[in-house]
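Before any comments, here is the structure.
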Amino acid sequence: QVQMAESGGGSVQAGGSLRLSCAASGFTISSYCMGWFRQAPGKEREGVAVIYSRGGTTYYADSVKGRFTISQDNAKNTLYLQMNSLKPEDTAMYYCAAASTGWCPHVNTGRVTRYFNRWGQGTQVTVSS
């Protein structure tokens, strides 16, 4: 059974850090484009970062570049998102997702979520000023 379970969300003050994890089961993440997305209330879901380890590809949204780092541990079949220098505008529900495309679309690609066919339930991140 395919499952993706996010953890690590919480409430922090601006400037703080959090590390999100996404434990996958039922499939091997090294064969997929893996990504982190977020959705704030009243806004569309947007891409934050994606990674395809076989191609050595990572893409970041401009809003998080230099502050967030996406990585994965294939032995643990787990995806991570290290978030530093957090800002109030980073407040959102964060989701991990997998795409069986064999390549990674850039997160700035229009309607990028359509490439991803496996999703976790999300973990809430709240950043206070």
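By convention in this document, the chains of the structure tokens carry letters A, B, ... by their order, each chain's residues are numbered from 1, and ligands are numbered from 1 in the order they are shown.
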List as a Markdown table every residue of segment 54-123 of chain A that is in contact with segment 17-41 of chain A, defined as an atom at most 9 Å from one of its atoms (using only C-alpha atoms), together with the nearest atom pair and the distance in Å rounded to one decimal, sorted by chain and then rising number.
```
| residue | atom | partner | partner_atom | distance |
| --- | --- | --- | --- | --- |
| A:Arg54 | CA | A:Ser30 | CA | 6.7 |
| A:Thr57 | CA | A:Cys33 | CA | 9.0 |
| A:Ile70 | CA | A:Trp36 | CA | 8.1 |
| A:Gln72 | CA | A:Ile29 | CA | 8.4 |
| A:Asp73 | CA | A:Ser30 | CA | 8.8 |
| A:Asn74 | CA | A:Ser30 | CA | 6.1 |
| A:Lys76 | CA | A:Ala23 | CA | 7.8 |
| A:Asn77 | CA | A:Ala24 | CA | 5.8 |
| A:Thr78 | CA | A:Ala23 | CA | 4.5 |
| A:Leu79 | CA | A:Cys22 | CA | 4.9 |
| A:Tyr80 | CA | A:Ser21 | CA | 4.5 |
| A:Leu81 | CA | A:Leu20 | CA | 5.0 |
| A:Gln82 | CA | A:Arg19 | CA | 4.4 |
| A:Met83 | CA | A:Leu18 | CA | 5.2 |
| A:Asn84 | CA | A:Ser17 | CA | 4.4 |
| A:Ser85 | CA | A:Ser17 | CA | 6.2 |
| A:Leu86 | CA | A:Ser17 | CA | 6.2 |
| A:Glu89 | CA | A:Ala40 | CA | 8.9 |
| A:Asp90 | CA | A:Ala40 | CA | 8.5 |
| A:Thr91 | CA | A:Ala40 | CA | 6.7 |
| A:Ala92 | CA | A:Ala40 | CA | 4.3 |
| A:Met93 | CA | A:Gln39 | CA | 5.3 |
| A:Tyr94 | CA | A:Arg38 | CA | 4.3 |
| A:Tyr95 | CA | A:Phe37 | CA | 5.1 |
| A:Cys96 | CA | A:Trp36 | CA | 4.6 |
| A:Ala97 | CA | A:Gly35 | CA | 5.2 |
| A:Ala98 | CA | A:Met34 | CA | 4.6 |
| A:Ala99 | CA | A:Cys33 | CA | 5.0 |
| A:Ser100 | CA | A:Tyr32 | CA | 5.2 |
| A:Thr101 | CA | A:Cys33 | CA | 7.0 |
| A:Gly102 | CA | A:Tyr32 | CA | 6.1 |
| A:Trp103 | CA | A:Cys33 | CA | 6.0 |
| A:Cys104 | CA | A:Cys33 | CA | 5.3 |
| A:Pro105 | CA | A:Cys33 | CA | 8.4 |
| A:Val107 | CA | A:Gly35 | CA | 8.7 |
| A:Thr113 | CA | A:Phe37 | CA | 8.4 |
| A:Phe116 | CA | A:Cys33 | CA | 8.3 |
| A:Gly120 | CA | A:Cys22 | CA | 7.9 |
| A:Gly122 | CA | A:Arg38 | CA | 8.5 |
| A:Thr123 | CA | A:Leu20 | CA | 8.2 |
```
Check: Which residue gives the smallest distance to Arg114 of chain A among A:Gly42, A:Gly47, A:Gly16, A:Pro88, with only C-alpha atoms counted?
Finding: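 Among the listed residues, the smallest separation from Arg114 of chain A belongs to A:Gly47.
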Margin query: Quick check, in Å to one decimal: how far apart do atom CA of Glu44 of chain A and atom CA of Asn117 of chain A lie?
Written below: 17.0 Å
Notebook entry, point to check: Would you give me, as a ChimeraX atom specification, the residues in segment 46-117 of chain A that DSSP reads as strand (DSSP E)?
Noted result: /A:46-52,57-60,68-73,78-83,92-99
So that I have them on file, write out the residues from the current selection with N, CA, C and O atoms, as a compact mmCIF listing (two decimals), in the first residue's frame.
```txt
# COMPACT_ATOMS: atom_id res chain seq x y z
N GLU A 46 1.11 25.52 -4.00
CA GLU A 46 2.25 25.94 -4.80
C GLU A 46 3.45 25.03 -4.52
O GLU A 46 3.60 24.48 -3.43
N GLY A 47 4.29 24.92 -5.53
CA GLY A 47 5.50 24.13 -5.37
C GLY A 47 6.54 24.88 -4.58
O GLY A 47 6.73 26.09 -4.76
N VAL A 48 7.21 24.18 -3.70
CA VAL A 48 8.28 24.76 -2.87
C VAL A 48 9.64 24.28 -3.38
O VAL A 48 10.53 25.08 -3.63
N ALA A 49 9.78 22.97 -3.52
CA ALA A 49 11.05 22.39 -3.97
C ALA A 49 10.80 20.99 -4.49
O ALA A 49 9.90 20.30 -4.01
N VAL A 50 11.59 20.59 -5.47
CA VAL A 50 11.51 19.23 -5.99
C VAL A 50 12.91 18.67 -6.15
O VAL A 50 13.89 19.42 -6.28
N ILE A 51 12.99 17.34 -6.15
CA ILE A 51 14.28 16.67 -6.28
C ILE A 51 14.09 15.35 -7.02
O ILE A 51 13.11 14.63 -6.80
N TYR A 52 15.02 15.08 -7.91
CA TYR A 52 15.07 13.78 -8.59
C TYR A 52 16.49 13.28 -8.44
O TYR A 52 17.40 13.76 -9.12
N THR A 57 18.81 16.42 -9.85
CA THR A 57 18.07 17.65 -10.12
C THR A 57 17.38 18.16 -8.86
O THR A 57 16.75 17.39 -8.15
N THR A 58 17.52 19.43 -8.60
CA THR A 58 16.71 20.09 -7.57
C THR A 58 16.27 21.45 -8.11
O THR A 58 17.03 22.13 -8.81
N TYR A 59 15.04 21.81 -7.80
CA TYR A 59 14.51 23.11 -8.16
C TYR A 59 13.82 23.71 -6.94
O TYR A 59 13.17 22.99 -6.18
N TYR A 60 13.95 25.01 -6.79
CA TYR A 60 13.33 25.71 -5.67
C TYR A 60 12.49 26.87 -6.17
O TYR A 60 12.83 27.52 -7.18
N PHE A 68 15.62 27.26 2.18
CA PHE A 68 15.14 25.87 2.30
C PHE A 68 16.07 24.94 1.52
O PHE A 68 16.62 25.32 0.48
N THR A 69 16.18 23.72 2.03
CA THR A 69 16.97 22.69 1.34
C THR A 69 16.19 21.38 1.30
O THR A 69 15.77 20.89 2.36
N ILE A 70 16.00 20.87 0.11
CA ILE A 70 15.33 19.58 -0.05
C ILE A 70 16.39 18.48 -0.18
O ILE A 70 17.44 18.69 -0.79
N SER A 71 16.12 17.35 0.44
CA SER A 71 17.05 16.23 0.36
C SER A 71 16.28 14.93 0.58
O SER A 71 15.10 14.97 0.95
N GLN A 72 16.93 13.84 0.34
CA GLN A 72 16.28 12.56 0.58
C GLN A 72 17.32 11.54 1.01
O GLN A 72 18.49 11.62 0.64
N ASP A 73 16.86 10.59 1.82
CA ASP A 73 17.68 9.47 2.26
C ASP A 73 17.05 8.22 1.64
O ASP A 73 16.01 7.76 2.12
N THR A 78 12.97 8.27 2.70
CA THR A 78 12.42 9.45 3.36
C THR A 78 12.90 10.72 2.68
O THR A 78 14.07 10.85 2.33
N LEU A 79 11.97 11.64 2.51
CA LEU A 79 12.23 12.95 1.93
C LEU A 79 12.26 13.97 3.06
O LEU A 79 11.52 13.85 4.04
N TYR A 80 13.11 15.00 2.92
CA TYR A 80 13.24 16.03 3.94
C TYR A 80 13.13 17.42 3.33
O TYR A 80 13.39 17.63 2.15
N LEU A 81 12.77 18.36 4.17
CA LEU A 81 12.82 19.77 3.82
C LEU A 81 13.34 20.53 5.03
O LEU A 81 12.64 20.64 6.04
N GLN A 82 14.56 21.00 4.93
CA GLN A 82 15.15 21.84 5.99
C GLN A 82 14.76 23.28 5.70
O GLN A 82 15.07 23.80 4.62
N MET A 83 14.11 23.90 6.66
CA MET A 83 13.62 25.26 6.47
C MET A 83 14.29 26.16 7.50
O MET A 83 14.10 25.98 8.70
N ALA A 92 1.79 27.77 6.25
CA ALA A 92 0.96 27.00 5.32
C ALA A 92 0.92 25.55 5.77
O ALA A 92 1.67 25.14 6.65
N MET A 93 0.06 24.79 5.10
CA MET A 93 0.10 23.35 5.22
C MET A 93 1.11 22.86 4.19
O MET A 93 1.01 23.26 3.01
N TYR A 94 2.03 22.04 4.61
CA TYR A 94 3.07 21.54 3.73
C TYR A 94 2.80 20.07 3.40
O TYR A 94 2.53 19.26 4.29
N TYR A 95 2.90 19.77 2.10
CA TYR A 95 2.63 18.42 1.61
C TYR A 95 3.84 17.87 0.86
O TYR A 95 4.50 18.61 0.13
N CYS A 96 4.10 16.59 1.02
CA CYS A 96 5.07 15.95 0.15
C CYS A 96 4.30 15.20 -0.94
O CYS A 96 3.13 14.83 -0.76
N ALA A 97 4.97 15.03 -2.06
CA ALA A 97 4.32 14.41 -3.20
C ALA A 97 5.34 13.70 -4.07
O ALA A 97 6.54 14.01 -4.01
N ALA A 98 4.85 12.76 -4.88
CA ALA A 98 5.72 12.00 -5.76
C ALA A 98 5.15 12.00 -7.16
O ALA A 98 3.92 11.92 -7.35
N ALA A 99 6.04 12.10 -8.15
CA ALA A 99 5.65 12.07 -9.55
C ALA A 99 6.38 10.94 -10.25
O ALA A 99 7.60 10.83 -10.14
```
Item checked: Neighbour list for Gly10 of chain A as number ranges by chain, cut-off 7 Å, only C-alpha atoms, skip fewer than 4 positions in-chain -> A: 124-126
Next item on the list: Looking only at helix (DSSP H, G or I) from DSSP on the backbone, list the matching residues of chain A as a count of residues only.
Entry: 10
Note to self: I'd like the interatomic distance between atom CA of Gln1 of chain A and atom CA of Arg118 of chain A, to a tenth of an Å.
What the structure shows: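 Going from atom CA of Gln1 of chain A over to atom CA of Arg118 of chain A covers 11.7 Å.
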